[in-house]
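Comments concern the structure below.
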Amino acid sequence: MKPRARLDALGEIRRMRAIMRREIGSRYAGDTVGYLWAYIFPLSWMAVIYLAFIAFGRTSPIDTDIVSFLLSGVLPYLGTRFVINAVVRARTAYRHILILPQVDITLVIFSIFLLELANGIAMFSGLLLLNYAVFGFFEMADPGLVLWGFFLAIGSGGAFGFLLVALARISPVIPKSNPIFLRPLFYISGVFFVANELPLGFLTAISWNPLFHAVELLREGMFAGYHSVLANGWVPVAFIGACLALGLIVLNAESLPFEGESEEELI
Amino acid sequence: MIGFDRVSMAYVHEGFRRQILRDATLLFEPHEKVCVMAPAGSGKTTIAHLMAGFAEPQKGHVLRDARLSWPIGFSGVMHPAISGADNVEIIADLAGVPRADLLAYVMEFSGLGEVLDHPLQTYSSTMRGQLATSLSIAMPAQTYVVDTVVGSGSPSFRAKAEVAFERKLENAGMFFITSAPRQAEKYGEKFYVLEEGQFEPVASFVAAKAWLESANQREDDLSFVLDGFFGI
C-alpha cells in the first residue's frame with residue numbers, strides 16, 4: 001500500500017505541475033511581455049491608487065509610509081480577485097482535459113490556487129523590496145502573521161471561486177456573476193482604509209467580510225504597534241470552510257446535471 | 001457496459017430546436033467495435049462528445065466505466081497559445097503517460113518536426129489535424145471514440161493514421177459515429193443506424209449502408225423540394 005500511495009502522491013504532484021505549466025504558458029499569450037503581465041498589472045494598480053492617494057491629499061491612517069500602507073491592502077485584494085477569476089476561468093478552460101480520469105476539477109482549482117498564491121507572494125515581496133530600494137521604507141513586524149493574512153485572503157478567493165464553479169452545475173450563469181461580488185469588495189475590504197478609523201455602524205455592517213479580516217491581520221503582522229479592532233482569523237477560516245464544504249456537496253450531488261460544453265445553447 | 005442509457009439530447013440552433021437523441025439506448029462492452037451510421041447533420045459530433053464526456057445529456061445517462069479516448073483528431077484538449085510539444089508533454093503528465101515516449105511517438109508519427117516547438121495557433125488546419133490525430137492515437141485507451149473519420153491532414157498522413165488505428169483496435173474497442181461507409185466497413189463489427197433520435201441495430205454493414213444511402217436520398221429529395229419551393 002505504501003509504495004502505491006507514494007506513487008499516487010508523485011502522480012498528483014506531476015499533474016499539478018502540468019496544470020501550472022499550462023496556466024503559465026497560456027496566460028497573456030501572444031504578447032511579447034507574456035507572463036510578466038501577471039506582475040505588471042498589480043504594479044499599475046498600485047501606481048494608480050498611489051497617485052489617487054496623493055491627488056486627494058490622503059495620508060496613511062497608520063504610522064507608516066503611503067506605499068507600505070497601500071501594499072497591505074491592494075495586494076491581498078488583487079490576489080483575491082485574480083484567484084477568483086483564474087478559478088472561474090478554469091471551468092471552461094479545462095472542460096476537455098477533465099475527461100482524463102486522473103484529472104478532476106478540484107485538482108485543477110487547487111493547482112491554480114497554489115500558482116496564484118505563489119504569484120501573489122512573489123509580487124508582494126518584490127514590491128516591498130522596491131519600496132525599500134526607492135523610498136527607503138520596509139515594514140515587516142511579524143512575517144508569519146503577514147503570510148497568514150495573505151494566505152487567508154487568497155484562500156478566501158480560491159474557496160469562493162471553487163463554490164462558484166460548483167454552483168455552475170445548477171446554472172452556468174452563476175460563475176459569470178463574480179464581478180457583482182468583486183466590484184463592491186474593493187470598497188469594503190480595507191484597501192484604502194483601516195478598520196480602526198471606521199464608524200462603528202459601518203464597521204459592524206462589513207465585519208462579515210473575510211477579506212477585510214485577512215487584510216487587517218496582514219496589517220497587524222506588517223506594522224509594529226498596529227492592533228486592529230476587527231482582525232479575526234476565524235472569519236476567513238470559517239468562510240473558506242463553508243465555501244469548500246458547500247462546493248463539494250454540490251459537485252458530488254448525483255441528482256444535478258454536470259455542466260457541459262454546449263449547455264448554454266441546450267434546452 | 002458503456003454507452004447510452006435512455007439518453008435524450010436537444011439543442012437550439014438559429015432559433016430551431018433540434019432533437020439529437022430521444023430516449024436512446026446503446027450499451028456495449030468496452031472492447032466491442034461499434035459503428036453508428038448517421039446522415040450528415042444528424043448530430044454526430046454532439047453524440048461523440050457525449051460519449052467522450054465533454055457534455056452530459058439532458059436526460060438519461062452516458063456510462064463511461066472504461067478508459068475512453070477523446071474523439072480521434074480532436075484538438076480542443078490542447079491550448080492554442082502553447083507549443084505542440086509542450087501541449088503533448090502537459091497532456092502526458094496529466095494522463096500519467098511517460099512524457100518522453102509520448103512526445104517521441106507524436107513527433108515521429110505527425111512528421112511535424114521542429115514545427116512542434118511553435119505555438120499551436122500558428123499551425124495550419126492540416127498541421128493541427130496531424131498533431132491532434134497523432135496524439136489521439138498515441139494515448140492509451142480501452143475504447144476509442146471516433147467522430148466521422150479516422151485521421152485528418154494530408155492524404156498520406158490519413159492513410160498512415162488508418163493503419164495505426166487498425167493496430168490500436170487489436171487491443172481496444174471503438175465507438176464510431178460516421179456517415180463514411182468505407183471506414184465503417186473497415187473498423188466496425190456491430191452496426192447501428194441513428195434514426196429519429198434512436199440507435200437502431202442493423203444486421204450487417206450492408207444493411208447499414210443501404211439505410212444510410214436511403215436516408216441521404218430522402219435528405220437530398222427534401223432539399224430539392226425546399227430549394228424549388230423557396231427558389232433558393
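Order determines the names: the first chain of the C-alpha cells is A, the second B, and so forth; residues in each chain are numbered 1 upward, and ligands are numbered 1 upward as they are shown.
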
Mind checking DSSP for segment 16-155 of chain A and telling me the alpha helix (DSSP H) residues as an MDAnalysis selection string?
chainID A and resid 16:26 37:55 66:93 105:135 143:155

Counting only C-alpha atoms, which residues in segment 28-56 of chain B sit no more than 12 Å from segment 72-78 of chain B? For each one, give the nearest pair of atoms and the distance in Å, sorted by chain then residue number, as JSON lines.
```
{"residue": "B:Thr45", "atom": "CA", "partner": "B:Phe74", "partner_atom": "CA", "distance": 10.5}
{"residue": "B:Ala48", "atom": "CA", "partner": "B:Ile72", "partner_atom": "CA", "distance": 10.0}
{"residue": "B:His49", "atom": "CA", "partner": "B:Phe74", "partner_atom": "CA", "distance": 10.0}
{"residue": "B:Ala52", "atom": "CA", "partner": "B:Ile72", "partner_atom": "CA", "distance": 10.2}
{"residue": "B:Phe54", "atom": "CA", "partner": "B:Gly76", "partner_atom": "CA", "distance": 10.3}
```

Residues of segment 147-205 of chain B within 10 Å of segment 8-30 of chain B: nearest atom pair and distance (Å, one decimal) for each, counting only C-alpha atoms, sorted by chain and number, as a Markdown table?
```
| residue | atom | partner | partner_atom | distance |
| --- | --- | --- | --- | --- |
| B:Ala172 | CA | B:Pro30 | CA | 7.5 |
| B:Gly173 | CA | B:Pro30 | CA | 5.5 |
| B:Met174 | CA | B:Pro30 | CA | 7.5 |
| B:Phe175 | CA | B:Pro30 | CA | 8.9 |
| B:Lys190 | CA | B:Phe28 | CA | 9.5 |
| B:Tyr192 | CA | B:Leu26 | CA | 8.9 |
| B:Leu194 | CA | B:Leu21 | CA | 8.7 |
| B:Glu195 | CA | B:Leu21 | CA | 9.2 |
| B:Glu196 | CA | B:Arg22 | CA | 7.5 |
| B:Gly197 | CA | B:Leu21 | CA | 4.0 |
| B:Gln198 | CA | B:Ala24 | CA | 4.8 |
| B:Phe199 | CA | B:Ala24 | CA | 6.1 |
| B:Glu200 | CA | B:Leu26 | CA | 8.6 |
| B:Pro201 | CA | B:Leu26 | CA | 8.9 |
```

Write the residues of the preceding selection, restricted to N, CA, C and O atoms, as an mmCIF file, in the first residue's frame.
```cif
data_model
loop_
_atom_site.group_PDB
_atom_site.id
_atom_site.type_symbol
_atom_site.label_atom_id
_atom_site.label_comp_id
_atom_site.auth_asym_id
_atom_site.auth_seq_id
_atom_site.Cartn_x
_atom_site.Cartn_y
_atom_site.Cartn_z
ATOM 1 N N ALA B 172 -8.260 -2.904 -28.391
ATOM 2 C CA ALA B 172 -9.176 -1.883 -27.860
ATOM 3 C C ALA B 172 -10.503 -1.937 -28.608
ATOM 4 O O ALA B 172 -10.602 -2.527 -29.683
ATOM 5 N N GLY B 173 -11.500 -1.311 -27.996
ATOM 6 C CA GLY B 173 -12.802 -1.207 -28.633
ATOM 7 C C GLY B 173 -12.963 0.155 -29.282
ATOM 8 O O GLY B 173 -12.041 0.985 -29.280
ATOM 9 N N MET B 174 -14.155 0.390 -29.818
ATOM 10 C CA MET B 174 -14.353 1.627 -30.567
ATOM 11 C C MET B 174 -15.834 2.013 -30.559
ATOM 12 O O MET B 174 -16.707 1.144 -30.644
ATOM 13 N N PHE B 175 -16.077 3.298 -30.451
ATOM 14 C CA PHE B 175 -17.419 3.835 -30.715
ATOM 15 C C PHE B 175 -17.250 4.815 -31.866
ATOM 16 O O PHE B 175 -16.627 5.862 -31.715
ATOM 17 N N LYS B 190 -20.147 -4.270 -34.947
ATOM 18 C CA LYS B 190 -21.588 -4.183 -34.661
ATOM 19 C C LYS B 190 -22.084 -2.872 -35.258
ATOM 20 O O LYS B 190 -21.458 -1.825 -35.041
ATOM 21 N N TYR B 192 -25.139 0.030 -36.088
ATOM 22 C CA TYR B 192 -26.401 0.676 -35.718
ATOM 23 C C TYR B 192 -26.628 1.824 -36.693
ATOM 24 O O TYR B 192 -25.675 2.314 -37.319
ATOM 25 N N LEU B 194 -28.687 5.707 -36.825
ATOM 26 C CA LEU B 194 -29.329 6.729 -35.995
ATOM 27 C C LEU B 194 -30.597 7.180 -36.705
ATOM 28 O O LEU B 194 -30.542 7.922 -37.691
ATOM 29 N N GLU B 195 -31.727 6.715 -36.203
ATOM 30 C CA GLU B 195 -32.983 7.013 -36.871
ATOM 31 C C GLU B 195 -33.949 7.673 -35.896
ATOM 32 O O GLU B 195 -34.294 7.078 -34.865
ATOM 33 N N GLU B 196 -34.337 8.879 -36.213
ATOM 34 C CA GLU B 196 -35.255 9.659 -35.376
ATOM 35 C C GLU B 196 -34.821 9.679 -33.918
ATOM 36 O O GLU B 196 -35.613 9.449 -33.002
ATOM 37 N N GLY B 197 -33.534 9.922 -33.709
ATOM 38 C CA GLY B 197 -33.006 10.064 -32.357
ATOM 39 C C GLY B 197 -32.816 8.764 -31.605
ATOM 40 O O GLY B 197 -32.573 8.789 -30.398
ATOM 41 N N GLN B 198 -32.912 7.648 -32.292
ATOM 42 C CA GLN B 198 -32.744 6.339 -31.636
ATOM 43 C C GLN B 198 -31.617 5.569 -32.312
ATOM 44 O O GLN B 198 -31.427 5.686 -33.531
ATOM 45 N N PHE B 199 -30.915 4.758 -31.540
ATOM 46 C CA PHE B 199 -29.923 3.853 -32.108
ATOM 47 C C PHE B 199 -30.629 2.552 -32.486
ATOM 48 O O PHE B 199 -31.054 1.799 -31.607
ATOM 49 N N GLU B 200 -30.764 2.315 -33.769
ATOM 50 C CA GLU B 200 -31.448 1.093 -34.213
ATOM 51 C C GLU B 200 -30.405 0.083 -34.689
ATOM 52 O O GLU B 200 -29.607 0.394 -35.589
ATOM 53 N N PRO B 201 -30.388 -1.124 -34.118
ATOM 54 C CA PRO B 201 -29.404 -2.114 -34.569
ATOM 55 C C PRO B 201 -29.743 -2.615 -35.972
ATOM 56 O O PRO B 201 -30.924 -2.727 -36.330
#
```

Write out as a list of chain:residue names the residues lying within 8 Å of segment 144-153 of chain A, counting only C-alpha atoms and excluding same-chain residues fewer than 3 positions away.
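Those residues are A:Pro76, A:Tyr77, A:Gly79, A:Thr80, A:Leu117, A:Ile121, A:Met140, A:Ser156, A:Gly157, A:Pro210, A:Leu211, A:Ala214, A:Val215, A:Glu216, A:Leu217, A:Leu218, A:Arg219, A:Glu220, A:Gly221, A:Met222, A:Gly233, A:Pro236, A:Val237.
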
For atom CA of Val62 of chain B and atom CA of Phe4 of chain B, quote the distance in Å rounded to one decimal.
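Between atom CA of Val62 of chain B and atom CA of Phe4 of chain B the gap works out to 4.6 Å.
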
Contact set, chain B to chain A: 6 Å, only C-alpha atoms, as a ChimeraX atom specification:
/B:11,53-56,77,81-82,90,93-94

Length of the atom CA of Pro39 of chain B to atom CA of Thr178 of chain B vector [Å]
7.7 Å

Let's see if you can do this: from backbone DSSP, list all strand (DSSP E or B) residues in segment 66-193 of chain B, as a list in words.
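Assigned to strand (DSSP E or B), within segment 66-193 of chain B: Leu68, Ser83, Pro119, Thr143, Tyr144, Val145, Val146, Asp147, Gly173, Met174, Phe175, Phe176, Ile177, Thr178, Lys190, Phe191, Tyr192 and Val193 of chain B.
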
Among B:Phe191, B:Trp70, B:Tyr144, B:Phe205, Lys168 of chain B is approached most closely, using only C-alpha atoms, by B:Tyr144

Neighbouring residues of Leu169 of chain B were defined as those with any atom within 10 Å, considering only C-alpha atoms; residues of the same chain fewer than 2 positions away were excluded. Please report them as a list in words.
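Here the answer would be His31, Glu32, Lys33, Ala141, Gln142, Thr143, Tyr144, Ala164, Phe165, Glu166, Arg167, Asn171, Ala172, Gly173, Met174 and Tyr187 of chain B.
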
Could you check which of A:Tyr187, A:Phe162, A:Phe181, A:Phe239 is closest to Ile105 of chain A, using only C-alpha atoms?
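For Ile105 of chain A, the nearest of the given residues is A:Phe162.
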
May I have the residues within 12 Å of Ile62 of chain A as a VMD selection string, using only C-alpha atoms and disregarding those fewer than 4 positions away in the same chain?
chain A and resid 58 66 to 70 72 139 192 to 197 216 219 to 220 222 to 228
